[in-house]
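Down below is the structure, laid out as structure tokens.
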Amino acid sequence: MSQGGWDRLRRTRLAFSAVVAAAAGVFVWAMPGAVRFMAHAPGGFWAMALAALVVDIPLFGVAGREDFRIRSTLSVCFTFAIFVLWGAATAIVVQAVAGAVSVAGQRYQPSAGLFFVSRLVLGAAAAEVVVNASGLRPMTAQGAGLTGADLLSFTLLALVWLAVSYAILAVARSTVTPRGLWQAVTDMRFDLISTTSSILVVAPFLTTIGGWWSLLVAVPLILWNQLTREQLRHEQQLSREPVSGLLNRQGLAAGMRSITATDLITPQGPRPFGIILVDVESVLDINRTLGRDLYEKVIGVAARRLIDAYGDDLAARLSGEGIVMLVPDLTEENALAETQTALSLLEPLVEADNIPFALDPAAGVALSPQHGRDLGTLLMRAELAAGDARRTGRRAALYLPRAAELAERRITLLRELHSVFQDPARHREITVLYQPQVDLDTGRLAAVEALVRWTHPQWGPIPTDELIEAIEPSEIMHMLTWHVLETVAAQVRRWHDQGDQFRVSVNVSVQDLHKPDFIDQLGELVRRHGIAPRRFIIEITERMFISDPERVREVAGRLAGQGVGLSLDDFGTGHASLQQLRELPLTEVKVDKAYVGNMVDNPADEAIVTSVHLLTRALGVDVVAEGVEDQRTADALAKLPGVIGQGWHFGRPMTVDDFQGWRQHGQRRRVSRVR
């Protein structure tokens, strides 16, 4: 916690202590007088005291019971009438007892309940101070009727009571939350209006009714509370998904308000809680392949497990594959353990229509107040943590600030690169480098791979992996792809005019392949620059193929129809089957450097490279070995006929000028085949 946070927490604790201590002192002062009065109290007093205890019962057990609209108690109209008729001491004791009953019934946190009762007691004490200072006197007989002067005094004392009680509450809320005093007043407007109305309308009427008849006044108030309860139930129905029964975003926000509503001046500071987001993205496959109906049934079974464990007001579903739990009083010490518990509920197979399904859940957790206090921020950070868990192969992860920093860094890169493409003067920041690919049979240049680099004027070179990871989900990925394709096409034309006929490969993303007009635009680009389609090779990764084989097969077929080559990059890392490989009209397969780099010293890697070579040769496809970094590896690969080598041993990624110099100086890294 920052120094400012610690300072605010200390002020909060001091203020809480002051409010509670003052209320305790008032209660101690009032107790003797109240006891003496109750020894011979009339029936009308006992009727009002009983009504004060029972009037809030319809609110007990209401889900979302800490909603700010029902945090008050309508007992104040009875205790204020007692104040007017029989004095402050008796009213203070009755108010303390009635408040405690309401707090217990609505299950307030102990600290919040203590504060709630204290502010009501201090409101009554403030009215007594005004009585003593002004000479105003309460009525002395129930049922005597009210004069104009009585009504004026009555209204003045009621306003003092309300002003002090709600001023304490408003200042408390504005102190512990960043919303400000005015917003705090706005939040409790429902409570303030209902309480003010009950004091100014019901309490005067109570003073004119004699004996036990005042109990009848509690009946409409109880009915009003019941209507409030039914209204809340209706709102809660609108806050749930009809199929799963889980809360929707509106319901989750209401649940969070219920927790943060206890952010009053308490010794502990704001009440902690956590957002656990469970990612069950595997269910999307059910939706795609088996239909929406079965998908919803699987979600419904999973939801029932969570509802049974956490209750129906703490589990929510905000997206097709995400389930959220709102967990009060969650701290760093128990966050991961609680998250593991939630995951364990979803790990057993889920059965729907007599078919078992595995959800393969992973979860992230974000905590309040340290990770945020509003729903949007906490959800975002829990999702970042869940993504971190999924990427690292863990079951659960706690949000770390570096995840937000990384997300912010990616957003900054997105915005800045978008600015580059919008400003032609900045296009020079994007360069295309070319890395040679050498035929190991002849030692001659066979092809080059185009590699994009971005050098920011202030930040310097941006790592390519970081850049692609940041922009791939956005439209800026397409902008970069076409910028590279245009640059490469123009360069291929210049090489063609110089008499060079080698091929150039360009990487594209899976998002590019999903563009309906990508192939048509590529064909138009080739025609516009007047180059042979076979000079272009489009590179896709094996993981891209595995993630969406149908789309890749369609695109591959259309590329082959136009004469454009297709390269499968990073082969061996995505576990494509031989059947899938056979179905693609490939020009070349690139063996991943993870196998090539260690093949001299690792027989298993050598066996993999040799097997891929035999397979591709049988399919009539070229094989490119990536990551050739030394002569030993080049010599080992040269034993295999028809292999093309790529790596720093032959040449690093170079600018066009450096590439021309590399060629003119005899391609120093020539290799002759070892027989």
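We label chains A, B, ... in the order they appear in the structure tokens, count residues from 1 in each chain, and number ligands from 1 in the order shown.
The protein and nucleic acid residues lying at most 9 Å from Thr260 in chain A are Glu66, Pro270, Arg271, Pro272, Phe273 and Arg373 of chain A, with only C-alpha atoms considered and sequence neighbours fewer than 6 positions away removed.
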Based on the selection just made, write C-alpha atoms of those residues as a PDB file, in the first residue's frame.
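The file below, selection_21.pdb, is the result:
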```pdb
ATOM      1  CA  GLU A  66     -26.280  -4.935   1.796  1.00  0.00           C
ATOM      2  CA  PRO A 270     -12.193  -1.018   2.786  1.00  0.00           C
ATOM      3  CA  ARG A 271     -13.514  -4.553   2.862  1.00  0.00           C
ATOM      4  CA  PRO A 272     -11.348  -6.864   0.723  1.00  0.00           C
ATOM      5  CA  PHE A 273     -12.785  -9.139  -1.930  1.00  0.00           C
ATOM      6  CA  ARG A 373     -11.956  -1.206  -6.809  1.00  0.00           C
TER       7      ARG A 373
END
```
Output as a PDB file with all heavy atoms, in the first residue's frame all residues of range 338-392 of chain A that backbone DSSP marks as strand (DSSP E).
```
ATOM      1  N   VAL A 350     -18.018 -33.105 -17.005  1.00  0.00           N
ATOM      2  CA  VAL A 350     -19.383 -32.575 -17.010  1.00  0.00           C
ATOM      3  C   VAL A 350     -20.207 -33.423 -17.977  1.00  0.00           C
ATOM      4  O   VAL A 350     -19.809 -33.620 -19.133  1.00  0.00           O
ATOM      5  CB  VAL A 350     -19.389 -31.097 -17.452  1.00  0.00           C
ATOM      6  CG1 VAL A 350     -20.809 -30.628 -17.717  1.00  0.00           C
ATOM      7  CG2 VAL A 350     -18.728 -30.242 -16.396  1.00  0.00           C
ATOM      8  N   GLU A 351     -21.337 -33.914 -17.515  1.00  0.00           N
ATOM      9  CA  GLU A 351     -22.156 -34.777 -18.356  1.00  0.00           C
ATOM     10  C   GLU A 351     -23.422 -34.046 -18.784  1.00  0.00           C
ATOM     11  O   GLU A 351     -24.160 -33.499 -17.966  1.00  0.00           O
ATOM     12  CB  GLU A 351     -22.518 -36.058 -17.600  1.00  0.00           C
ATOM     13  CG  GLU A 351     -23.187 -37.097 -18.491  1.00  0.00           C
ATOM     14  CD  GLU A 351     -23.314 -38.447 -17.816  1.00  0.00           C
ATOM     15  OE1 GLU A 351     -22.266 -39.064 -17.520  1.00  0.00           O
ATOM     16  OE2 GLU A 351     -24.458 -38.865 -17.561  1.00  0.00           O
ATOM     17  N   ALA A 352     -23.651 -34.039 -20.085  1.00  0.00           N
ATOM     18  CA  ALA A 352     -24.865 -33.442 -20.648  1.00  0.00           C
ATOM     19  C   ALA A 352     -25.394 -34.378 -21.726  1.00  0.00           C
ATOM     20  O   ALA A 352     -24.623 -34.813 -22.604  1.00  0.00           O
ATOM     21  CB  ALA A 352     -24.568 -32.064 -21.231  1.00  0.00           C
ATOM     22  N   ILE A 355     -23.487 -37.532 -22.225  1.00  0.00           N
ATOM     23  CA  ILE A 355     -22.178 -37.440 -22.871  1.00  0.00           C
ATOM     24  C   ILE A 355     -21.235 -36.696 -21.930  1.00  0.00           C
ATOM     25  O   ILE A 355     -21.547 -35.593 -21.486  1.00  0.00           O
ATOM     26  CB  ILE A 355     -22.265 -36.675 -24.213  1.00  0.00           C
ATOM     27  CG1 ILE A 355     -23.307 -37.319 -25.126  1.00  0.00           C
ATOM     28  CG2 ILE A 355     -20.894 -36.639 -24.891  1.00  0.00           C
ATOM     29  CD1 ILE A 355     -23.584 -36.500 -26.369  1.00  0.00           C
ATOM     30  N   PRO A 356     -20.077 -37.288 -21.586  1.00  0.00           N
ATOM     31  CA  PRO A 356     -19.135 -36.589 -20.696  1.00  0.00           C
ATOM     32  C   PRO A 356     -18.245 -35.613 -21.478  1.00  0.00           C
ATOM     33  O   PRO A 356     -17.822 -35.891 -22.599  1.00  0.00           O
ATOM     34  CB  PRO A 356     -18.309 -37.731 -20.108  1.00  0.00           C
ATOM     35  CG  PRO A 356     -18.333 -38.791 -21.162  1.00  0.00           C
ATOM     36  CD  PRO A 356     -19.652 -38.669 -21.885  1.00  0.00           C
ATOM     37  N   PHE A 357     -17.974 -34.476 -20.843  1.00  0.00           N
ATOM     38  CA  PHE A 357     -17.105 -33.465 -21.437  1.00  0.00           C
ATOM     39  C   PHE A 357     -16.093 -32.994 -20.394  1.00  0.00           C
ATOM     40  O   PHE A 357     -16.420 -32.862 -19.209  1.00  0.00           O
ATOM     41  CB  PHE A 357     -17.907 -32.253 -21.924  1.00  0.00           C
ATOM     42  CG  PHE A 357     -18.866 -32.557 -23.042  1.00  0.00           C
ATOM     43  CD1 PHE A 357     -20.197 -32.847 -22.767  1.00  0.00           C
ATOM     44  CD2 PHE A 357     -18.436 -32.563 -24.353  1.00  0.00           C
ATOM     45  CE1 PHE A 357     -21.090 -33.131 -23.788  1.00  0.00           C
ATOM     46  CE2 PHE A 357     -19.322 -32.845 -25.385  1.00  0.00           C
ATOM     47  CZ  PHE A 357     -20.652 -33.133 -25.108  1.00  0.00           C
ATOM     48  N   ALA A 362      -8.799 -23.056 -16.461  1.00  0.00           N
ATOM     49  CA  ALA A 362      -7.661 -22.314 -15.903  1.00  0.00           C
ATOM     50  C   ALA A 362      -8.243 -21.017 -15.352  1.00  0.00           C
ATOM     51  O   ALA A 362      -9.266 -20.528 -15.842  1.00  0.00           O
ATOM     52  CB  ALA A 362      -6.607 -22.029 -16.961  1.00  0.00           C
ATOM     53  N   ALA A 363      -7.627 -20.463 -14.324  1.00  0.00           N
ATOM     54  CA  ALA A 363      -8.251 -19.328 -13.646  1.00  0.00           C
ATOM     55  C   ALA A 363      -7.231 -18.254 -13.292  1.00  0.00           C
ATOM     56  O   ALA A 363      -6.052 -18.534 -13.089  1.00  0.00           O
ATOM     57  CB  ALA A 363      -8.966 -19.790 -12.374  1.00  0.00           C
ATOM     58  N   GLY A 364      -7.736 -17.040 -13.229  1.00  0.00           N
ATOM     59  CA  GLY A 364      -6.958 -15.910 -12.740  1.00  0.00           C
ATOM     60  C   GLY A 364      -7.747 -15.184 -11.676  1.00  0.00           C
ATOM     61  O   GLY A 364      -8.988 -15.189 -11.688  1.00  0.00           O
ATOM     62  N   VAL A 365      -7.050 -14.566 -10.736  1.00  0.00           N
ATOM     63  CA  VAL A 365      -7.721 -13.881  -9.634  1.00  0.00           C
ATOM     64  C   VAL A 365      -7.121 -12.488  -9.466  1.00  0.00           C
ATOM     65  O   VAL A 365      -5.909 -12.299  -9.532  1.00  0.00           O
ATOM     66  CB  VAL A 365      -7.623 -14.705  -8.324  1.00  0.00           C
ATOM     67  CG1 VAL A 365      -6.185 -15.014  -7.974  1.00  0.00           C
ATOM     68  CG2 VAL A 365      -8.322 -13.988  -7.177  1.00  0.00           C
ATOM     69  N   ALA A 366      -7.997 -11.513  -9.277  1.00  0.00           N
ATOM     70  CA  ALA A 366      -7.602 -10.141  -8.972  1.00  0.00           C
ATOM     71  C   ALA A 366      -8.261  -9.736  -7.666  1.00  0.00           C
ATOM     72  O   ALA A 366      -9.408 -10.131  -7.389  1.00  0.00           O
ATOM     73  CB  ALA A 366      -8.009  -9.184 -10.088  1.00  0.00           C
ATOM     74  N   LEU A 367      -7.554  -8.972  -6.864  1.00  0.00           N
ATOM     75  CA  LEU A 367      -8.000  -8.638  -5.525  1.00  0.00           C
ATOM     76  C   LEU A 367      -8.285  -7.151  -5.391  1.00  0.00           C
ATOM     77  O   LEU A 367      -7.622  -6.316  -6.012  1.00  0.00           O
ATOM     78  CB  LEU A 367      -6.939  -9.046  -4.494  1.00  0.00           C
ATOM     79  CG  LEU A 367      -6.527 -10.522  -4.494  1.00  0.00           C
ATOM     80  CD1 LEU A 367      -5.379 -10.741  -3.528  1.00  0.00           C
ATOM     81  CD2 LEU A 367      -7.713 -11.401  -4.135  1.00  0.00           C
ATOM     82  N   SER A 368      -9.262  -6.855  -4.557  1.00  0.00           N
ATOM     83  CA  SER A 368      -9.567  -5.471  -4.204  1.00  0.00           C
ATOM     84  C   SER A 368      -9.290  -5.290  -2.714  1.00  0.00           C
ATOM     85  O   SER A 368      -9.599  -6.176  -1.916  1.00  0.00           O
ATOM     86  CB  SER A 368     -11.036  -5.161  -4.501  1.00  0.00           C
ATOM     87  OG  SER A 368     -11.346  -3.836  -4.161  1.00  0.00           O
TER      88      SER A 368
END
```
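Counting only C-alpha atoms, Gly113 in chain A has the following residues at most 9 Å away, ignoring those fewer than 3 positions along the same chain: Gly99, Ala100, Ser102, Val103, Ala104, Arg107, Tyr108, Gln109, Pro110, Phe116, Val117, Ser118 and Thr262 of chain A.
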Write the residues you've just listed into a file as a JSON list (two decimals), in the first residue's frame, and include N, CA and C atoms for each of them.
```json
[["chain", "number", "residue", "atom", "x", "y", "z"],
["A", 99, "GLY", "N", -31.52, -0.95, 16.21],
["A", 99, "GLY", "CA", -30.47, -0.97, 15.20],
["A", 99, "GLY", "C", -29.68, -2.25, 15.22],
["A", 100, "ALA", "N", -29.38, -2.74, 16.42],
["A", 100, "ALA", "CA", -28.63, -3.99, 16.55],
["A", 100, "ALA", "C", -29.42, -5.16, 15.98],
["A", 102, "SER", "N", -31.71, -4.97, 13.60],
["A", 102, "SER", "CA", -31.72, -4.82, 12.14],
["A", 102, "SER", "C", -30.39, -5.24, 11.53],
["A", 103, "VAL", "N", -29.30, -4.85, 12.18],
["A", 103, "VAL", "CA", -27.95, -5.20, 11.71],
["A", 103, "VAL", "C", -27.78, -6.72, 11.71],
["A", 104, "ALA", "N", -28.22, -7.38, 12.77],
["A", 104, "ALA", "CA", -28.09, -8.83, 12.86],
["A", 104, "ALA", "C", -28.95, -9.53, 11.81],
["A", 107, "ARG", "N", -27.47, -9.12, 8.45],
["A", 107, "ARG", "CA", -26.14, -9.73, 8.40],
["A", 107, "ARG", "C", -25.06, -8.75, 7.94],
["A", 108, "TYR", "N", -25.06, -7.61, 8.55],
["A", 108, "TYR", "CA", -23.97, -6.67, 8.30],
["A", 108, "TYR", "C", -22.68, -7.26, 8.84],
["A", 109, "GLN", "N", -21.55, -6.80, 8.26],
["A", 109, "GLN", "CA", -20.27, -7.08, 8.90],
["A", 109, "GLN", "C", -20.27, -6.42, 10.28],
["A", 110, "PRO", "N", -19.59, -7.00, 11.28],
["A", 110, "PRO", "CA", -19.60, -6.42, 12.63],
["A", 110, "PRO", "C", -19.17, -4.95, 12.67],
["A", 116, "PHE", "N", -23.08, 1.64, 11.92],
["A", 116, "PHE", "CA", -24.47, 1.94, 11.59],
["A", 116, "PHE", "C", -25.26, 2.34, 12.85],
["A", 117, "VAL", "N", -25.14, 1.55, 13.91],
["A", 117, "VAL", "CA", -25.85, 1.84, 15.15],
["A", 117, "VAL", "C", -25.30, 3.13, 15.77],
["A", 118, "SER", "N", -24.00, 3.34, 15.70],
["A", 118, "SER", "CA", -23.38, 4.50, 16.34],
["A", 118, "SER", "C", -23.88, 5.80, 15.72],
["A", 262, "THR", "N", -20.10, -1.66, 2.41],
["A", 262, "THR", "CA", -19.59, -1.67, 3.78],
["A", 262, "THR", "C", -18.29, -0.89, 3.91]]
```
Practice prompt. Identify all residues of range 226-438 of chain A in alpha helix (DSSP H) (DSSP on the backbone) and supply them as a VMD selection string.
Written response: chain A and resid 226 to 238 249 to 260 283 to 290 292 to 310 332 to 346 375 to 392 401 to 422
Discussion item. Can you pull out the residues contacting Gln435 in chain A? Cut-off 7 Å, using only C-alpha atoms, and skip same-chain residues under 3 positions away; I want them as a list in words.
Written reply: Val448, Glu449, Ala450, Gly651, Arg652, Pro653 and Met654 of chain A
Worksheet item: If we count only C-alpha atoms, what is near His456 in chain A at a cut-off of 12 Å, once residues fewer than 4 positions away on the same chain are taken out, given as an MDAnalysis selection string?
Response: chainID A and resid 413 416:417 419:420 426:431 460:463 467
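Residue nearest Val202 in chain A, chosen from A:Val97, A:Ala625, A:Val508, A:Val76 and counting only C-alpha atoms: A:Val76.
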Discussion item. Measuring between only C-alpha atoms, which one of A:Gly44, A:Gly530, A:Gly597, A:Gly523 shows the shortest distance to Trp495 in chain A?
Written reply: A:Gly530
Would you kindly return, as a PDB file with N, CA, C and O atoms, in the first residue's frame, each protein, DNA or RNA residue with an atom no farther than 8 Å from any atom of range 156-158 of chain A, considering only C-alpha atoms and excluding same-chain residues fewer than 5 positions away?
```
ATOM      1  N   PHE A  80     -37.909   8.110  17.031  1.00  0.00           N
ATOM      2  CA  PHE A  80     -38.025   9.570  17.091  1.00  0.00           C
ATOM      3  C   PHE A  80     -39.302   9.982  17.815  1.00  0.00           C
ATOM      4  O   PHE A  80     -39.312  10.956  18.587  1.00  0.00           O
ATOM      5  N   ALA A 127     -29.913  15.795  18.500  1.00  0.00           N
ATOM      6  CA  ALA A 127     -31.229  16.409  18.701  1.00  0.00           C
ATOM      7  C   ALA A 127     -31.418  16.811  20.162  1.00  0.00           C
ATOM      8  O   ALA A 127     -31.996  17.867  20.467  1.00  0.00           O
ATOM      9  N   VAL A 130     -29.717  20.072  20.871  1.00  0.00           N
ATOM     10  CA  VAL A 130     -30.516  21.208  20.390  1.00  0.00           C
ATOM     11  C   VAL A 130     -31.646  21.507  21.361  1.00  0.00           C
ATOM     12  O   VAL A 130     -31.965  22.672  21.644  1.00  0.00           O
ATOM     13  N   VAL A 131     -32.253  20.445  21.909  1.00  0.00           N
ATOM     14  CA  VAL A 131     -33.326  20.647  22.895  1.00  0.00           C
ATOM     15  C   VAL A 131     -32.805  21.435  24.094  1.00  0.00           C
ATOM     16  O   VAL A 131     -33.416  22.411  24.554  1.00  0.00           O
ATOM     17  N   ILE A 199     -39.954   9.783   9.186  1.00  0.00           N
ATOM     18  CA  ILE A 199     -39.879  10.605  10.399  1.00  0.00           C
ATOM     19  C   ILE A 199     -40.868  11.762  10.335  1.00  0.00           C
ATOM     20  O   ILE A 199     -41.614  12.037  11.287  1.00  0.00           O
ATOM     21  N   LEU A 200     -40.903  12.462   9.198  1.00  0.00           N
ATOM     22  CA  LEU A 200     -41.725  13.674   9.109  1.00  0.00           C
ATOM     23  C   LEU A 200     -43.205  13.379   8.919  1.00  0.00           C
ATOM     24  O   LEU A 200     -44.051  14.230   9.228  1.00  0.00           O
TER      25      LEU A 200
END
```
Item to complete: Find the residue from A:Pro361, A:Gly565, A:Gly645, A:Pro585 that sits nearest to Ile537 in chain A; use only C-alpha atoms when measuring.
Response: A:Gly565
